[in-house]
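Trainee: My structure is in upload-v6.pdb, and what it holds is PDB, C-alpha atoms and all ligand atoms:
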ATOM      1  CA  MET F   1      10.059   2.140   6.475  1.00  0.00           C
ATOM      2  CA  ARG F   2      10.671   5.863   6.110  1.00  0.00           C
ATOM      3  CA  SER F   3       8.260   8.314   7.731  1.00  0.00           C
ATOM      4  CA  SER F   4       7.551   9.970   4.376  1.00  0.00           C
ATOM      5  CA  THR F   5       6.282   6.600   3.114  1.00  0.00           C
ATOM      6  CA  LEU F   6       3.839   6.373   6.019  1.00  0.00           C
ATOM      7  CA  LYS F   7       2.723   9.935   5.308  1.00  0.00           C
ATOM      8  CA  SER F   8       2.284   9.179   1.597  1.00  0.00           C
ATOM      9  CA  ILE F   9       0.179   6.112   2.456  1.00  0.00           C
ATOM     10  CA  TYR F  10      -1.988   8.125   4.849  1.00  0.00           C
ATOM     11  CA  GLN F  11      -2.418  10.857   2.233  1.00  0.00           C
ATOM     12  CA  CYS F  12      -2.812   8.312  -0.626  1.00  0.00           C
ATOM     13  CA  LYS F  13       0.072   9.769  -2.624  1.00  0.00           C
ATOM     14  CA  CYS F  14       2.092   8.087  -5.366  1.00  0.00           C
ATOM     15  CA  PRO F  15       4.440   5.477  -3.805  1.00  0.00           C
ATOM     16  CA  ARG F  16       7.227   6.344  -6.258  1.00  0.00           C
ATOM     17  CA  CYS F  17       7.472  10.142  -5.823  1.00  0.00           C
ATOM     18  CA  HIS F  18       5.147  10.860  -2.850  1.00  0.00           C
ATOM     19  CA  LYS F  19       3.787  13.857  -4.815  1.00  0.00           C
ATOM     20  CA  GLY F  20       0.924  12.840  -7.121  1.00  0.00           C
ATOM     21  CA  ASP F  21      -2.518  11.933  -5.802  1.00  0.00           C
ATOM     22  CA  MET F  22      -3.760   8.355  -6.269  1.00  0.00           C
ATOM     23  CA  PHE F  23      -7.409   9.405  -5.930  1.00  0.00           C
ATOM     24  CA  LEU F  24      -9.514  12.415  -6.888  1.00  0.00           C
ATOM     25  CA  ARG F  25      -8.842  15.231  -4.425  1.00  0.00           C
ATOM     26  CA  GLY F  26     -11.593  16.380  -2.070  1.00  0.00           C
ATOM     27  CA  LYS F  27     -13.928  13.451  -2.866  1.00  0.00           C
ATOM     28  CA  LEU F  28     -13.227  11.282   0.196  1.00  0.00           C
ATOM     29  CA  PHE F  29     -16.757  11.606   1.553  1.00  0.00           C
ATOM     30  CA  ASN F  30     -18.550  11.616  -1.792  1.00  0.00           C
ATOM     31  CA  PRO F  31     -20.191   8.133  -1.953  1.00  0.00           C
ATOM     32  CA  ALA F  32     -20.141   8.058  -5.752  1.00  0.00           C
ATOM     33  CA  LYS F  33     -16.584   9.316  -6.220  1.00  0.00           C
ATOM     34  CA  PHE F  34     -14.388   8.284  -3.284  1.00  0.00           C
ATOM     35  CA  SER F  35     -13.225   5.125  -5.110  1.00  0.00           C
ATOM     36  CA  ILE F  36     -12.255   6.792  -8.391  1.00  0.00           C
ATOM     37  CA  MET F  37      -8.517   6.414  -8.934  1.00  0.00           C
ATOM     38  CA  ASN F  38      -6.283   8.415 -11.195  1.00  0.00           C
ATOM     39  CA  LYS F  39      -4.801   6.223 -13.953  1.00  0.00           C
ATOM     40  CA  SER F  40      -1.269   7.388 -13.291  1.00  0.00           C
ATOM     41  CA  CYS F  41       0.716   9.847 -11.215  1.00  0.00           C
ATOM     42  CA  ALA F  42       0.474  13.426 -12.504  1.00  0.00           C
ATOM     43  CA  HIS F  43       3.997  14.119 -11.178  1.00  0.00           C
ATOM     44  CA  CYS F  44       6.101  11.100 -12.262  1.00  0.00           C
ATOM     45  CA  GLY F  45       3.800   9.065 -14.526  1.00  0.00           C
ATOM     46  CA  GLN F  46       3.776   5.925 -12.336  1.00  0.00           C
ATOM     47  CA  SER F  47       0.767   3.790 -13.290  1.00  0.00           C
ATOM     48  CA  PHE F  48      -1.597   3.246 -10.385  1.00  0.00           C
ATOM     49  CA  GLU F  49      -2.994   0.057 -11.956  1.00  0.00           C
ATOM     50  CA  PRO F  50       0.099  -1.803 -13.233  1.00  0.00           C
ATOM     51  CA  GLU F  51      -2.000  -4.853 -14.218  1.00  0.00           C
ATOM     52  CA  PRO F  52      -5.693  -5.892 -14.165  1.00  0.00           C
ATOM     53  CA  GLY F  53      -6.814  -7.057 -10.736  1.00  0.00           C
ATOM     54  CA  TYR F  54      -3.763  -5.490  -9.136  1.00  0.00           C
ATOM     55  CA  TYR F  55      -5.642  -4.474  -5.986  1.00  0.00           C
ATOM     56  CA  PHE F  56      -7.087  -7.915  -5.199  1.00  0.00           C
ATOM     57  CA  GLY F  57      -4.552  -8.230  -2.375  1.00  0.00           C
ATOM     58  CA  ALA F  58      -5.644  -4.861  -0.957  1.00  0.00           C
ATOM     59  CA  MET F  59      -8.789  -6.689   0.227  1.00  0.00           C
ATOM     60  CA  PHE F  60      -6.641  -8.543   2.753  1.00  0.00           C
ATOM     61  CA  VAL F  61      -5.079  -5.270   3.935  1.00  0.00           C
ATOM     62  CA  SER F  62      -8.599  -3.860   4.291  1.00  0.00           C
ATOM     63  CA  TYR F  63      -9.666  -6.985   6.194  1.00  0.00           C
ATOM     64  CA  GLY F  64      -6.813  -6.498   8.676  1.00  0.00           C
ATOM     65  CA  ILE F  65      -7.601  -2.804   9.200  1.00  0.00           C
ATOM     66  CA  ASN F  66     -11.318  -3.539   9.659  1.00  0.00           C
ATOM     67  CA  THR F  67     -10.565  -6.293  12.182  1.00  0.00           C
ATOM     68  CA  ALA F  68      -8.420  -3.882  14.207  1.00  0.00           C
ATOM     69  CA  LEU F  69     -11.205  -1.289  13.979  1.00  0.00           C
ATOM     70  CA  PHE F  70     -13.848  -3.817  15.128  1.00  0.00           C
ATOM     71  CA  ILE F  71     -11.752  -4.869  18.108  1.00  0.00           C
ATOM     72  CA  THR F  72     -11.161  -1.217  19.038  1.00  0.00           C
ATOM     73  CA  ALA F  73     -14.909  -0.432  18.828  1.00  0.00           C
ATOM     74  CA  TRP F  74     -15.778  -3.577  20.802  1.00  0.00           C
ATOM     75  CA  VAL F  75     -13.248  -2.802  23.567  1.00  0.00           C
ATOM     76  CA  ALA F  76     -14.390   0.839  23.710  1.00  0.00           C
ATOM     77  CA  LEU F  77     -18.040  -0.239  24.025  1.00  0.00           C
ATOM     78  CA  SER F  78     -17.161  -2.832  26.695  1.00  0.00           C
ATOM     79  CA  VAL F  79     -15.387  -0.161  28.753  1.00  0.00           C
ATOM     80  CA  LEU F  80     -17.957   2.608  28.274  1.00  0.00           C
ATOM     81  CA  LYS F  81     -21.098   0.468  28.575  1.00  0.00           C
ATOM     82  CA  PRO F  82     -20.328  -2.961  30.116  1.00  0.00           C
ATOM     83  CA  ASP F  83     -23.974  -4.163  29.887  1.00  0.00           C
ATOM     84  CA  TYR F  84     -24.251  -3.528  26.115  1.00  0.00           C
ATOM     85  CA  SER F  85     -26.634  -5.571  23.956  1.00  0.00           C
ATOM     86  CA  LEU F  86     -25.722  -7.474  20.791  1.00  0.00           C
ATOM     87  CA  SER F  87     -27.878  -5.141  18.680  1.00  0.00           C
ATOM     88  CA  LEU F  88     -26.009  -2.111  20.086  1.00  0.00           C
ATOM     89  CA  LEU F  89     -22.673  -3.764  19.270  1.00  0.00           C
ATOM     90  CA  LEU F  90     -23.765  -4.619  15.708  1.00  0.00           C
ATOM     91  CA  SER F  91     -25.157  -1.108  15.178  1.00  0.00           C
ATOM     92  CA  LEU F  92     -21.910   0.430  16.408  1.00  0.00           C
ATOM     93  CA  LEU F  93     -19.861  -1.817  14.099  1.00  0.00           C
ATOM     94  CA  GLY F  94     -22.120  -0.967  11.137  1.00  0.00           C
ATOM     95  CA  ILE F  95     -21.828   2.767  11.753  1.00  0.00           C
ATOM     96  CA  THR F  96     -18.061   2.459  12.239  1.00  0.00           C
ATOM     97  CA  VAL F  97     -17.680   0.606   8.931  1.00  0.00           C
ATOM     98  CA  LEU F  98     -19.777   3.179   7.063  1.00  0.00           C
ATOM     99  CA  ILE F  99     -17.837   6.116   8.509  1.00  0.00           C
ATOM    100  CA  PHE F 100     -14.399   4.631   7.822  1.00  0.00           C
ATOM    101  CA  LEU F 101     -15.178   2.811   4.541  1.00  0.00           C
ATOM    102  CA  PRO F 102     -13.870   5.464   2.129  1.00  0.00           C
ATOM    103  CA  PHE F 103     -10.706   6.043   4.145  1.00  0.00           C
ATOM    104  CA  ILE F 104      -9.961   2.307   4.600  1.00  0.00           C
ATOM    105  CA  TYR F 105     -10.668   1.632   0.907  1.00  0.00           C
ATOM    106  CA  ARG F 106      -8.106   4.227  -0.126  1.00  0.00           C
ATOM    107  CA  VAL F 107      -5.491   3.460   2.506  1.00  0.00           C
ATOM    108  CA  SER F 108      -5.566  -0.295   1.806  1.00  0.00           C
ATOM    109  CA  ARG F 109      -4.831   0.381  -1.855  1.00  0.00           C
ATOM    110  CA  ALA F 110      -2.097   2.868  -0.936  1.00  0.00           C
ATOM    111  CA  ILE F 111      -0.515   0.279   1.406  1.00  0.00           C
ATOM    112  CA  TRP F 112      -0.780  -2.435  -1.247  1.00  0.00           C
ATOM    113  CA  ILE F 113       0.915  -0.410  -3.999  1.00  0.00           C
ATOM    114  CA  ALA F 114       3.574   0.873  -1.553  1.00  0.00           C
ATOM    115  CA  ILE F 115       4.567  -2.732  -0.785  1.00  0.00           C
ATOM    116  CA  PHE F 116       5.574  -3.288  -4.419  1.00  0.00           C
ATOM    117  CA  ILE F 117       6.671   0.150  -5.643  1.00  0.00           C
ATOM    118  CA  SER F 118       9.421   1.873  -3.699  1.00  0.00           C
ATOM    119  CA  TYR F 119      10.198   5.547  -3.284  1.00  0.00           C
ATOM    120  CA  LYS F 120      12.596   6.875  -5.928  1.00  0.00           C
ATOM    121  CA  GLY F 121      12.722  10.545  -4.912  1.00  0.00           C
ATOM    122  CA  GLU F 122      10.704  13.582  -5.879  1.00  0.00           C
ATOM    123  CA  ASP F 123      12.734  14.606  -8.912  1.00  0.00           C
ATOM    124  CA  ILE F 124      12.555  11.455 -11.000  1.00  0.00           C
ATOM    125  CA  PRO F 125      11.772  11.896 -14.693  1.00  0.00           C
ATOM    126  CA  SER F 126       8.372  10.862 -15.968  1.00  0.00           C
ATOM    127  CA  SER F 127       8.252   7.170 -16.898  1.00  0.00           C
ATOM    128  CA  SER F 128       5.584   7.608 -19.560  1.00  0.00           C
TER     129      SER F 128
HETATM  130 ZN    ZN P 201       4.538   9.801  -8.710  1.00  0.00          ZN
END
Kindly transcribe the structure held in the file into structure tokens.
Ligand SMILES: [Zn+2]

Mentor:
Amino acid sequence: MRSSTLKSIYQCKCPRCHKGDMFLRGKLFNPAKFSIMNKSCAHCGQSFEPEPGYYFGAMFVSYGINTALFITAWVALSVLKPDYSLSLLLSLLGITVLIFLPFIYRVSRAIWIAIFISYKGEDIPSSS
């Protein structure tokens, strides 16, 4: 996998041209707007929802990321406070999920679409 693909996933850019934004810019921490997706790429015209229910599989990507995040938080708590209580652990996990939810939501969709749509270069003509 090319490094520009990883960067485009992290930045939630179009998987085909790595230029257009998949989501509304600057709304990552807006609870009402972080999940709003652009219909298609403004640069190359790639549809971001090729078929209904396309992002069902992104739930499994999200599940994997959240599991890794939970294990990281659990290990960090075990190291920093070995005599932690269950309620402290659950509170920490809840706060961690809330903080990372918008980012994980977007990145799981970006990973999912990047699995099926490959990079074609920046200067491809619009497909629409
Ligand atoms: Zn594009």

Trainee: Using only C-alpha atoms and all ligand atoms, tabulate the residues of chain F lying at most 8 Å from any atom of ligand ZN 201 (chain P), each with its closest atom pair and that distance in Å to one decimal, by chain and increasing residue number, as JSON lines.

Mentor:
{"residue": "F:Lys13", "atom": "CA", "partner": "P:ZN201", "partner_atom": "ZN", "distance": 7.5}
{"residue": "F:Cys14", "atom": "CA", "partner": "P:ZN201", "partner_atom": "ZN", "distance": 4.5}
{"residue": "F:Pro15", "atom": "CA", "partner": "P:ZN201", "partner_atom": "ZN", "distance": 6.5}
{"residue": "F:Arg16", "atom": "CA", "partner": "P:ZN201", "partner_atom": "ZN", "distance": 5.0}
{"residue": "F:Cys17", "atom": "CA", "partner": "P:ZN201", "partner_atom": "ZN", "distance": 4.1}
{"residue": "F:His18", "atom": "CA", "partner": "P:ZN201", "partner_atom": "ZN", "distance": 6.0}
{"residue": "F:Lys19", "atom": "CA", "partner": "P:ZN201", "partner_atom": "ZN", "distance": 5.7}
{"residue": "F:Gly20", "atom": "CA", "partner": "P:ZN201", "partner_atom": "ZN", "distance": 5.0}
{"residue": "F:Asp21", "atom": "CA", "partner": "P:ZN201", "partner_atom": "ZN", "distance": 7.9}
{"residue": "F:Ser40", "atom": "CA", "partner": "P:ZN201", "partner_atom": "ZN", "distance": 7.8}
{"residue": "F:Cys41", "atom": "CA", "partner": "P:ZN201", "partner_atom": "ZN", "distance": 4.6}
{"residue": "F:Ala42", "atom": "CA", "partner": "P:ZN201", "partner_atom": "ZN", "distance": 6.6}
{"residue": "F:His43", "atom": "CA", "partner": "P:ZN201", "partner_atom": "ZN", "distance": 5.0}
{"residue": "F:Cys44", "atom": "CA", "partner": "P:ZN201", "partner_atom": "ZN", "distance": 4.1}
{"residue": "F:Gly45", "atom": "CA", "partner": "P:ZN201", "partner_atom": "ZN", "distance": 5.9}
{"residue": "F:Gln46", "atom": "CA", "partner": "P:ZN201", "partner_atom": "ZN", "distance": 5.4}
{"residue": "F:Glu122", "atom": "CA", "partner": "P:ZN201", "partner_atom": "ZN", "distance": 7.8}

Trainee: Ranking F:Met1, F:Leu6, F:Leu98, F:Ala110 by minimum distance to Met59 of chain F and counting all atoms listed in the file, which one comes first?

Mentor: F:Ala110

Trainee: For the provided coordinates, the residues matched by the PyMOL selection byres (((chain F and resi 106) around 12) and not hetatm) should be stated as JSON, numbers by chain.

Mentor: {"F": [8, 9, 10, 11, 12, 13, 21, 22, 23, 24, 25, 27, 28, 29, 33, 34, 35, 36, 37, 38, 55, 58, 59, 61, 62, 65, 100, 101, 102, 103, 104, 105, 107, 108, 109, 110, 111, 112, 113]}

Trainee: From the options F:Ala32, F:Ile117, F:Val97, F:Ile124, which residue's atoms come nearest to Asn66 of chain F, counting all atoms listed in the file?

Mentor: F:Val97

Trainee: Rank F:Phe48, F:Lys7, F:Leu69, F:Ser87 by their smallest atom-to-atom distance to Ile99 of chain F, using all atoms listed in the file, and report the top residue only.

Mentor: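 With all atoms listed in the file as the atom set, the closest residue is F:Leu69.
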
Trainee: Ranking F:Asn30, F:Thr96, F:Ser91, F:Ser85 by minimum distance to Thr72 of chain F and counting all atoms listed in the file, which one comes first?

Mentor: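 For Thr72 of chain F, the nearest of the given residues is F:Thr96.
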
Trainee: Around segment 70-79 of chain F, with edges along x, y and z and 8 Å added on all six sides, what centre and edge lengths do you get, in Å to one decimal, as JSON?

Mentor:
{"center_x": -14.6, "center_y": -2.0, "center_z": 21.9, "size_x": 22.9, "size_y": 21.7, "size_z": 29.6}

Trainee: Do you have the atom CA of Gly53 of chain F-atom CA of Gly26 of chain F distance handy?

Mentor: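 Taking atom CA of Gly53 of chain F and atom CA of Gly26 of chain F, their separation equals 25.4 Å.
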
Trainee: If you measure from atom CA of Thr5 of chain F to atom CA of Ala68 of chain F, what distance in Å do you get, rounded to one decimal?

Mentor: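 Those two atoms sit 21.2 Å apart.
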
Trainee: Mind completing segment 30-66 of chain F with N, CA and C atoms? Output as a short mmCIF file (atom, residue, chain, number, x, y, z; two decimals), in the coordinates of the input, please?

Mentor:
data_model
loop_
_atom_site.label_atom_id
_atom_site.label_comp_id
_atom_site.auth_asym_id
_atom_site.auth_seq_id
_atom_site.Cartn_x
_atom_site.Cartn_y
_atom_site.Cartn_z
N ASN F 30 -17.55 11.66 -0.74
CA ASN F 30 -18.55 11.62 -1.79
C ASN F 30 -18.78 10.15 -2.13
N PRO F 31 -19.96 9.58 -1.78
CA PRO F 31 -20.19 8.13 -1.95
C PRO F 31 -20.00 7.65 -3.38
N ALA F 32 -20.25 8.50 -4.36
CA ALA F 32 -20.14 8.06 -5.75
C ALA F 32 -18.72 8.21 -6.30
N LYS F 33 -17.88 8.99 -5.62
CA LYS F 33 -16.58 9.32 -6.22
C LYS F 33 -15.37 8.97 -5.37
N PHE F 34 -15.56 8.52 -4.13
CA PHE F 34 -14.39 8.28 -3.28
C PHE F 34 -13.47 7.20 -3.83
N SER F 35 -14.03 6.26 -4.64
CA SER F 35 -13.22 5.12 -5.11
C SER F 35 -12.57 5.39 -6.46
N ILE F 36 -12.82 6.54 -7.06
CA ILE F 36 -12.26 6.79 -8.39
C ILE F 36 -10.76 7.09 -8.26
N MET F 37 -9.97 6.28 -8.98
CA MET F 37 -8.52 6.41 -8.93
C MET F 37 -8.02 7.11 -10.18
N ASN F 38 -6.96 7.89 -10.02
CA ASN F 38 -6.28 8.41 -11.20
C ASN F 38 -5.56 7.26 -11.88
N LYS F 39 -5.44 7.32 -13.22
CA LYS F 39 -4.80 6.22 -13.95
C LYS F 39 -3.30 6.17 -13.67
N SER F 40 -2.71 7.36 -13.55
CA SER F 40 -1.27 7.39 -13.29
C SER F 40 -0.94 8.66 -12.52
N CYS F 41 0.28 8.71 -12.01
CA CYS F 41 0.72 9.85 -11.22
C CYS F 41 0.91 11.07 -12.11
N ALA F 42 0.34 12.20 -11.72
CA ALA F 42 0.47 13.43 -12.50
C ALA F 42 1.89 13.98 -12.41
N HIS F 43 2.64 13.59 -11.39
CA HIS F 43 4.00 14.12 -11.18
C HIS F 43 5.06 13.28 -11.89
N CYS F 44 5.02 11.94 -11.70
CA CYS F 44 6.10 11.10 -12.26
C CYS F 44 5.61 10.10 -13.30
N GLY F 45 4.31 9.97 -13.50
CA GLY F 45 3.80 9.06 -14.53
C GLY F 45 3.65 7.62 -14.09
N GLN F 46 3.94 7.30 -12.83
CA GLN F 46 3.78 5.92 -12.34
C GLN F 46 2.32 5.48 -12.52
N SER F 47 2.13 4.32 -13.14
CA SER F 47 0.77 3.79 -13.29
C SER F 47 0.24 3.34 -11.94
N PHE F 48 -1.00 3.68 -11.65
CA PHE F 48 -1.60 3.25 -10.38
C PHE F 48 -2.34 1.92 -10.54
N GLU F 49 -2.43 1.39 -11.75
CA GLU F 49 -2.99 0.06 -11.96
C GLU F 49 -2.07 -0.68 -12.91
N PRO F 50 -0.92 -1.18 -12.37
CA PRO F 50 0.10 -1.80 -13.23
C PRO F 50 -0.42 -3.00 -14.01
N GLU F 51 -1.42 -3.72 -13.50
CA GLU F 51 -2.00 -4.85 -14.22
C GLU F 51 -3.44 -5.01 -13.75
N PRO F 52 -4.29 -5.70 -14.58
CA PRO F 52 -5.69 -5.89 -14.16
C PRO F 52 -5.77 -6.70 -12.87
N GLY F 53 -6.65 -6.33 -11.99
CA GLY F 53 -6.81 -7.06 -10.74
C GLY F 53 -5.69 -6.82 -9.75
N TYR F 54 -4.94 -5.77 -9.98
CA TYR F 54 -3.76 -5.49 -9.14
C TYR F 54 -4.13 -5.35 -7.66
N TYR F 55 -5.30 -4.78 -7.37
CA TYR F 55 -5.64 -4.47 -5.99
C TYR F 55 -6.43 -5.59 -5.29
N PHE F 56 -6.43 -6.79 -5.86
CA PHE F 56 -7.09 -7.92 -5.20
C PHE F 56 -6.52 -8.11 -3.79
N GLY F 57 -5.20 -8.02 -3.67
CA GLY F 57 -4.55 -8.23 -2.38
C GLY F 57 -4.86 -7.14 -1.36
N ALA F 58 -5.30 -5.96 -1.87
CA ALA F 58 -5.64 -4.86 -0.96
C ALA F 58 -6.85 -5.23 -0.10
N MET F 59 -7.64 -6.22 -0.58
CA MET F 59 -8.79 -6.69 0.23
C MET F 59 -8.31 -7.25 1.56
N PHE F 60 -7.15 -7.94 1.53
CA PHE F 60 -6.64 -8.54 2.75
C PHE F 60 -6.10 -7.46 3.70
N VAL F 61 -5.52 -6.41 3.12
CA VAL F 61 -5.08 -5.27 3.94
C VAL F 61 -6.30 -4.64 4.59
N SER F 62 -7.36 -4.44 3.79
CA SER F 62 -8.60 -3.86 4.29
C SER F 62 -9.20 -4.73 5.40
N TYR F 63 -9.16 -6.04 5.20
CA TYR F 63 -9.67 -6.98 6.19
C TYR F 63 -8.93 -6.81 7.52
N GLY F 64 -7.61 -6.69 7.46
CA GLY F 64 -6.81 -6.50 8.68
C GLY F 64 -7.15 -5.19 9.38
N ILE F 65 -7.28 -4.12 8.61
CA ILE F 65 -7.60 -2.80 9.20
C ILE F 65 -8.98 -2.85 9.83
N ASN F 66 -9.96 -3.46 9.12
CA ASN F 66 -11.32 -3.54 9.66
C ASN F 66 -11.38 -4.38 10.94
#
